[in-house]
file upload18.txt (compact mmCIF, C-alpha atoms)
# COMPACT_ATOMS: atom_id res chain seq x y z
CA MET A 268 -71.10 165.56 -56.30
CA THR A 269 -72.56 166.22 -59.76
CA ALA A 270 -76.06 167.34 -58.81
CA LEU A 271 -75.60 170.51 -60.87
CA SER A 272 -73.82 168.93 -63.83
CA GLY A 273 -74.28 171.08 -66.92
CA ARG A 274 -76.47 173.66 -65.19
CA VAL A 275 -75.79 177.31 -66.00
CA VAL A 276 -75.79 179.30 -62.76
CA VAL A 277 -75.56 183.10 -62.49
CA ILE A 278 -74.55 184.45 -59.08
CA THR A 279 -74.68 188.16 -58.33
CA GLY A 280 -72.43 189.38 -55.54
CA GLY A 281 -70.37 186.34 -56.48
CA ALA A 282 -66.92 187.77 -55.74
CA SER A 283 -67.04 187.44 -51.95
CA GLY A 284 -68.94 186.12 -48.95
CA ILE A 285 -71.89 183.82 -49.56
CA GLY A 286 -71.74 184.47 -53.30
CA ALA A 287 -68.12 183.33 -53.62
CA ALA A 288 -68.70 180.25 -51.45
CA THR A 289 -71.70 179.37 -53.61
CA ALA A 290 -69.77 179.90 -56.83
CA ARG A 291 -67.06 177.51 -55.65
CA LEU A 292 -69.53 174.85 -54.58
CA CYS A 293 -71.77 175.05 -57.66
CA ALA A 294 -68.74 174.84 -59.94
CA ALA A 295 -67.40 171.86 -57.97
CA ARG A 296 -70.77 170.16 -58.43
CA GLY A 297 -70.58 170.48 -62.18
CA ALA A 298 -72.27 173.80 -62.97
CA HIS A 299 -71.15 176.43 -65.44
CA VAL A 300 -70.94 179.48 -63.16
CA VAL A 301 -71.20 183.12 -64.19
CA ILE A 302 -69.88 185.30 -61.37
CA GLY A 303 -71.40 188.78 -61.41
CA ASP A 304 -70.06 191.59 -59.21
CA VAL A 305 -68.93 195.22 -59.16
CA ASN A 306 -65.59 194.09 -57.71
CA ASP A 307 -63.81 193.28 -60.95
CA ALA A 308 -60.49 192.28 -59.38
CA ALA A 309 -61.96 189.82 -56.87
CA GLY A 310 -64.48 188.42 -59.35
CA ALA A 311 -61.90 187.82 -62.05
CA ALA A 312 -59.51 186.26 -59.52
CA LEU A 313 -62.18 183.83 -58.39
CA ALA A 314 -62.98 182.84 -61.97
CA ARG A 315 -59.27 182.19 -62.60
CA GLU A 316 -59.03 180.17 -59.39
CA LEU A 317 -61.88 177.93 -60.46
CA ALA A 318 -60.56 177.57 -64.01
CA LYS A 319 -57.19 176.41 -62.68
CA LEU A 320 -59.07 173.63 -60.88
CA GLY A 321 -60.60 172.57 -64.17
CA LEU A 322 -63.99 174.00 -63.27
CA SER A 323 -66.27 176.08 -65.48
CA ALA A 324 -66.54 179.73 -64.44
CA VAL A 325 -66.40 183.20 -65.95
CA PHE A 326 -66.62 186.67 -64.46
CA ALA A 327 -68.86 189.46 -65.73
CA HIS A 328 -69.02 192.97 -64.31
CA VAL A 329 -72.47 193.93 -63.09
CA ASP A 330 -73.86 196.84 -61.11
CA VAL A 331 -77.27 195.47 -60.17
CA THR A 332 -78.73 198.96 -59.95
CA HIS A 333 -78.21 199.36 -63.72
CA GLU A 334 -80.77 197.52 -65.79
CA ALA A 335 -78.52 197.25 -68.82
CA ASP A 336 -75.88 195.52 -66.70
CA CYS A 337 -78.41 193.00 -65.41
CA GLU A 338 -79.66 192.22 -68.90
CA ARG A 339 -76.07 191.86 -70.15
CA LEU A 340 -75.24 189.48 -67.31
CA MET A 341 -78.01 187.08 -68.30
CA HIS A 342 -76.95 187.39 -71.95
CA THR A 343 -73.43 186.38 -70.90
CA ALA A 344 -74.82 183.12 -69.54
CA VAL A 345 -76.97 182.37 -72.57
CA SER A 346 -74.38 183.35 -75.18
CA GLY A 347 -71.56 181.57 -73.38
CA TYR A 348 -73.29 178.37 -72.31
CA GLY A 349 -76.50 178.21 -74.32
CA ALA A 350 -78.96 178.63 -71.46
CA LEU A 351 -79.71 180.14 -68.06
CA ASP A 352 -80.90 177.60 -65.51
CA VAL A 353 -80.36 179.23 -62.12
CA LEU A 354 -80.11 182.78 -60.76
CA ILE A 355 -78.79 183.34 -57.22
CA THR A 356 -78.97 186.95 -56.00
CA CYS A 357 -76.28 187.46 -53.37
CA ALA A 358 -75.51 191.11 -54.17
CA GLY A 359 -76.36 193.39 -51.27
CA ILE A 360 -75.12 196.20 -49.03
CA LEU A 361 -75.69 197.28 -45.43
CA GLN A 362 -75.48 200.99 -44.63
CA GLY A 363 -76.90 203.20 -41.90
CA ALA A 364 -76.22 200.75 -39.08
CA TYR A 365 -76.98 201.99 -35.56
CA VAL A 366 -78.32 205.30 -36.85
CA ASP A 367 -81.55 206.63 -35.35
CA ILE A 368 -84.32 206.88 -37.93
CA ALA A 369 -84.57 210.62 -37.24
CA GLU A 370 -80.91 210.97 -38.27
CA LEU A 371 -80.82 208.51 -41.17
CA GLU A 372 -80.06 210.29 -44.43
CA ALA A 373 -82.66 209.68 -47.12
CA ASP A 374 -79.91 209.11 -49.69
CA VAL A 375 -78.46 206.28 -47.59
CA PHE A 376 -81.89 204.69 -47.22
CA GLN A 377 -82.47 204.93 -50.97
CA ARG A 378 -79.04 203.56 -51.87
CA VAL A 379 -79.70 200.40 -49.85
CA GLN A 380 -83.11 199.94 -51.49
CA ASP A 381 -81.57 200.48 -54.93
CA VAL A 382 -78.99 197.73 -54.48
CA ASN A 383 -80.90 195.23 -52.38
CA VAL A 384 -84.44 195.58 -53.74
CA ARG A 385 -84.23 197.19 -57.18
CA GLY A 386 -81.13 195.13 -57.98
CA THR A 387 -82.87 191.91 -57.01
CA PHE A 388 -85.92 192.82 -59.09
CA LEU A 389 -83.88 193.76 -62.16
CA CYS A 390 -81.91 190.52 -62.06
CA MET A 391 -85.09 188.49 -61.60
CA LYS A 392 -86.77 190.34 -64.47
CA HIS A 393 -84.02 189.62 -66.96
CA ALA A 394 -83.38 186.09 -65.70
CA VAL A 395 -87.04 185.19 -66.27
CA ALA A 396 -86.85 186.69 -69.76
CA ALA A 397 -83.69 184.70 -70.53
CA MET A 398 -84.90 181.32 -69.29
CA ASP A 399 -86.23 179.02 -72.00
CA ASP A 400 -89.28 176.74 -71.96
CA ARG A 401 -87.62 174.42 -69.46
CA GLY A 402 -87.84 177.18 -66.87
CA GLY A 403 -85.37 177.28 -64.04
CA VAL A 404 -84.69 178.26 -60.46
CA ILE A 405 -84.38 181.71 -58.87
CA LEU A 406 -82.91 181.92 -55.37
CA LEU A 407 -83.11 185.25 -53.56
CA VAL A 408 -80.76 185.84 -50.65
CA GLY A 409 -82.73 187.67 -48.00
CA SER A 410 -82.12 187.81 -44.26
CA GLY A 411 -83.83 187.22 -40.97
CA ALA A 412 -83.50 191.00 -40.57
CA GLY A 413 -86.83 192.63 -41.23
CA VAL A 414 -88.54 189.23 -41.42
CA THR A 415 -88.13 187.34 -38.14
CA SER A 416 -85.78 189.71 -36.32
CA ARG A 417 -84.87 193.36 -36.05
CA SER A 418 -81.93 194.95 -37.83
CA SER A 419 -79.14 197.32 -36.87
CA SER A 420 -80.11 199.37 -39.93
CA VAL A 421 -83.57 200.69 -40.78
CA ALA A 422 -82.52 200.77 -44.42
CA TYR A 423 -81.17 197.22 -44.48
CA GLY A 424 -84.02 195.66 -42.53
CA THR A 425 -86.56 197.35 -44.78
CA SER A 426 -84.76 196.19 -47.92
CA LYS A 427 -84.57 192.56 -46.81
CA ALA A 428 -88.24 192.57 -45.82
CA ALA A 429 -88.92 193.76 -49.37
CA VAL A 430 -86.77 191.00 -50.87
CA HIS A 431 -88.73 188.49 -48.80
CA GLY A 432 -91.98 190.01 -50.08
CA LEU A 433 -90.72 189.90 -53.66
CA GLY A 434 -89.99 186.21 -53.31
CA PHE A 435 -93.49 185.64 -51.95
CA ILE A 436 -95.27 187.60 -54.69
CA ALA A 437 -93.18 186.80 -57.76
CA PRO A 438 -94.22 183.17 -58.39
CA ALA A 439 -97.75 184.31 -59.24
CA HIS A 440 -96.33 186.65 -61.88
CA VAL A 441 -94.20 184.19 -63.82
CA THR A 442 -96.21 182.73 -66.67
CA GLY A 443 -95.47 180.23 -69.39
CA ARG A 444 -92.41 178.62 -67.80
CA PRO A 445 -91.88 176.41 -64.73
CA ILE A 446 -89.71 178.69 -62.62
CA ARG A 447 -89.24 177.78 -58.97
CA ILE A 448 -88.48 180.69 -56.62
CA ASN A 449 -87.09 180.45 -53.10
CA THR A 450 -85.91 183.06 -50.63
CA VAL A 451 -83.03 182.00 -48.39
CA CYS A 452 -82.62 183.96 -45.16
CA PRO A 453 -79.19 183.51 -43.56
CA SER A 454 -78.33 184.55 -40.02
CA ILE A 455 -74.92 185.61 -38.66
CA ILE A 456 -72.62 184.60 -41.52
CA ASP A 457 -68.93 185.44 -41.84
CA THR A 458 -68.98 187.85 -44.77
CA PRO A 459 -67.30 191.23 -45.33
CA LEU A 460 -70.71 192.86 -44.86
CA LYS A 461 -71.32 191.19 -41.48
CA ARG A 462 -67.78 191.75 -40.26
CA ALA A 463 -68.16 195.47 -40.95
CA ASN A 464 -71.50 195.40 -39.14
CA VAL A 465 -69.85 193.87 -36.07
CA GLU A 466 -67.21 196.62 -36.20
CA ASP A 467 -70.02 199.20 -36.20
CA GLN A 468 -71.70 197.49 -33.27
CA GLY A 469 -68.47 197.44 -31.31
CA ARG A 470 -67.83 201.11 -31.99
CA VAL A 471 -71.32 202.15 -30.92
CA GLN A 472 -71.33 199.96 -27.82
CA GLY A 473 -67.77 200.75 -26.78
CA TRP A 474 -66.32 197.27 -27.17
CA SER A 475 -62.61 196.59 -26.95
CA ARG A 476 -60.71 195.21 -29.93
CA ALA A 477 -60.67 191.82 -28.23
CA GLU A 478 -64.46 191.89 -27.83
CA ILE A 479 -64.96 192.79 -31.50
CA ASP A 480 -62.59 189.99 -32.56
CA ALA A 481 -64.43 187.52 -30.34
CA ALA A 482 -67.79 188.50 -31.83
CA GLN A 483 -66.44 188.12 -35.36
CA GLN A 484 -65.11 184.68 -34.50
CA GLN A 485 -68.67 183.63 -33.65
CA LEU A 486 -69.83 184.30 -37.22
CA ARG A 487 -70.74 181.20 -39.17
CA ASP A 488 -69.13 179.74 -42.29
CA PRO A 489 -70.71 180.99 -45.54
CA GLY A 490 -70.15 177.50 -46.91
CA GLY A 491 -73.15 176.33 -44.91
CA VAL A 492 -75.44 178.71 -46.77
CA ALA A 493 -73.74 177.76 -50.04
CA ARG A 494 -74.71 174.13 -49.44
CA VAL A 495 -78.34 175.15 -48.95
CA LEU A 496 -78.30 177.24 -52.13
CA ALA A 497 -76.61 174.50 -54.18
CA PHE A 498 -79.23 172.01 -52.98
CA LEU A 499 -82.08 174.36 -53.85
CA ALA A 500 -80.58 174.94 -57.29
CA SER A 501 -80.71 171.21 -58.04
CA ASP A 502 -83.57 168.93 -59.05
CA GLU A 503 -83.31 167.33 -55.63
CA ALA A 504 -85.17 170.39 -54.31
CA ASP A 505 -87.96 170.38 -56.90
CA PHE A 506 -90.59 170.14 -54.15
CA VAL A 507 -89.12 173.00 -52.09
CA GLU A 508 -90.75 176.37 -52.61
CA GLY A 509 -90.99 179.47 -50.46
CA THR A 510 -88.71 180.66 -47.67
CA VAL A 511 -85.78 178.76 -46.17
CA PHE A 512 -84.17 180.04 -42.95
CA THR A 513 -80.59 179.06 -42.16
CA GLY A 514 -78.25 179.45 -39.21

call {"tool": "encode", "arguments": {"input": "upload18.txt", "output": "structure tokens"}}
result
Amino acid sequence: MTALSGRVVVITGGASGIGAATARLCAARGAHVVIGDVNDAAGAALARELAKLGLSAVFAHVDVTHEADCERLMHTAVSGYGALDVLITCAGILQGAYVDIAELEADVFQRVQDVNVRGTFLCMKHAVAAMDDRGGVILLVGSGAGVTSRSSSVAYGTSKAAVHGLGFIAPAHVTGRPIRINTVCPSIIDTPLKRANVEDQGRVQGWSRAEIDAAQQQLRDPGGVARVLAFLASDEADFVEGTVFTG
């Protein structure tokens, strides 16, 4: 598969979960991948893993809540590979699960908005600025939570509804370049974030260890979402715009 041959793809939250699966697949399909994450050890290890396979990947530290980091991440792509073609925003956190809204700490709520919403905005802002006249593709990783379903966390559900709204509004505010924007909303995917969420659910609902393990085993392979994202990043998806829901 060479559908992404020569494309320069930046993936935030690329050190684990959906981001890591997408980095592996995009690199395997010929892309130059820039893995952005706060987890330096895991991100660097993934870049080394891909390089040993003869694939093109580098790691760059990024805290998506810091604008300078987001700008530097896009500069890494342009300075290293000469362009920025695709941004995929997988960075996100889930906090405040199974906490009543009357008990939810405002700082927790704000922290989730800072990472999931502000971080997505800042990366979009600097990706758009870095893309040349050819334009590119921006893929936002949202969630069914706050869009088509409820969430275990008021903070998380609110943030993902905002990401969905950002994906809906942003295309009208990109001028001068053909930039296609999609929001991808995964469901119950086997990621560190979702596994921790299942642990929280089990604790609150009094599940046994066996019940928690069984629920985690029902989580779906992040590679399935990676295949959707890799397709959307390619020219094969040039007629696909808007929201895509996955299993």

call {"tool": "closest_atom_pairs", "arguments": {"input": "upload18.txt", "of": "region 276-305 of chain A", "to": "region 408-422 of chain A", "cutoff": "12 Å", "atoms": "only C-alpha atoms", "output": "JSON lines"}}
result
{"residue": "A:Ile278", "atom": "CA", "partner": "A:Val408", "partner_atom": "CA", "distance": 10.6}
{"residue": "A:Thr279", "atom": "CA", "partner": "A:Val408", "partner_atom": "CA", "distance": 10.1}
{"residue": "A:Gly280", "atom": "CA", "partner": "A:Val408", "partner_atom": "CA", "distance": 10.3}
{"residue": "A:Gly281", "atom": "CA", "partner": "A:Val408", "partner_atom": "CA", "distance": 11.9}
{"residue": "A:Gly284", "atom": "CA", "partner": "A:Val408", "partner_atom": "CA", "distance": 11.9}
{"residue": "A:Ile285", "atom": "CA", "partner": "A:Val408", "partner_atom": "CA", "distance": 9.2}
{"residue": "A:Gly286", "atom": "CA", "partner": "A:Val408", "partner_atom": "CA", "distance": 9.5}
{"residue": "A:Thr289", "atom": "CA", "partner": "A:Val408", "partner_atom": "CA", "distance": 11.5}

call {"tool": "axis_aligned_box", "arguments": {"input": "upload18.txt", "around": "region 306-318 of chain A", "padding_each_side": "4 Å", "output": "AutoDock Vina command-line options"}}
result
--center_x -62.3 --center_y 185.8 --center_z -60.4 --size_x 14.6 --size_y 24.5 --size_z 15.1

call {"tool": "atom_distance", "arguments": {"input": "upload18.txt", "atom1": "CA of Ala500 (chain A)", "atom2": "CA of Ala335 (chain A)"}}
result
25.2 Å

call {"tool": "residues_around", "arguments": {"input": "upload18.txt", "residues": "His328 (chain A)", "least_positions_apart": "2", "cutoff": "7 Å", "atoms": "only C-alpha atoms", "output": "VMD selection string"}}
result
chain A and resid 303 to 305 307 326 330

call {"tool": "residues_around", "arguments": {"input": "upload18.txt", "residues": "Val366 (chain A)", "least_positions_apart": "2", "cutoff": "12 Å", "atoms": "all atoms listed in the file", "output": "ChimeraX atom specification"}}
result
/A:362-364,368-373,375-376,418-423,467-468,471

call {"tool": "closest_residue", "arguments": {"input": "upload18.txt", "among": "A:Ala295, A:Val404, A:Leu313, A:Val430", "to": "Leu499 (chain A)", "atoms": "only C-alpha atoms"}}
result
A:Val404

call {"tool": "residues_around", "arguments": {"input": "upload18.txt", "residues": "Leu351 (chain A)", "least_positions_apart": "4", "cutoff": "6 Å", "atoms": "only C-alpha atoms", "output": "MDAnalysis selection string"}}
result
chainID A and resid 275 344:345 398

call {"tool": "closest_residue", "arguments": {"input": "upload18.txt", "among": "A:Ala482, A:Leu496, A:Ala298, A:Val507", "to": "Arg462 (chain A)", "atoms": "all atoms listed in the file"}}
result
A:Ala482
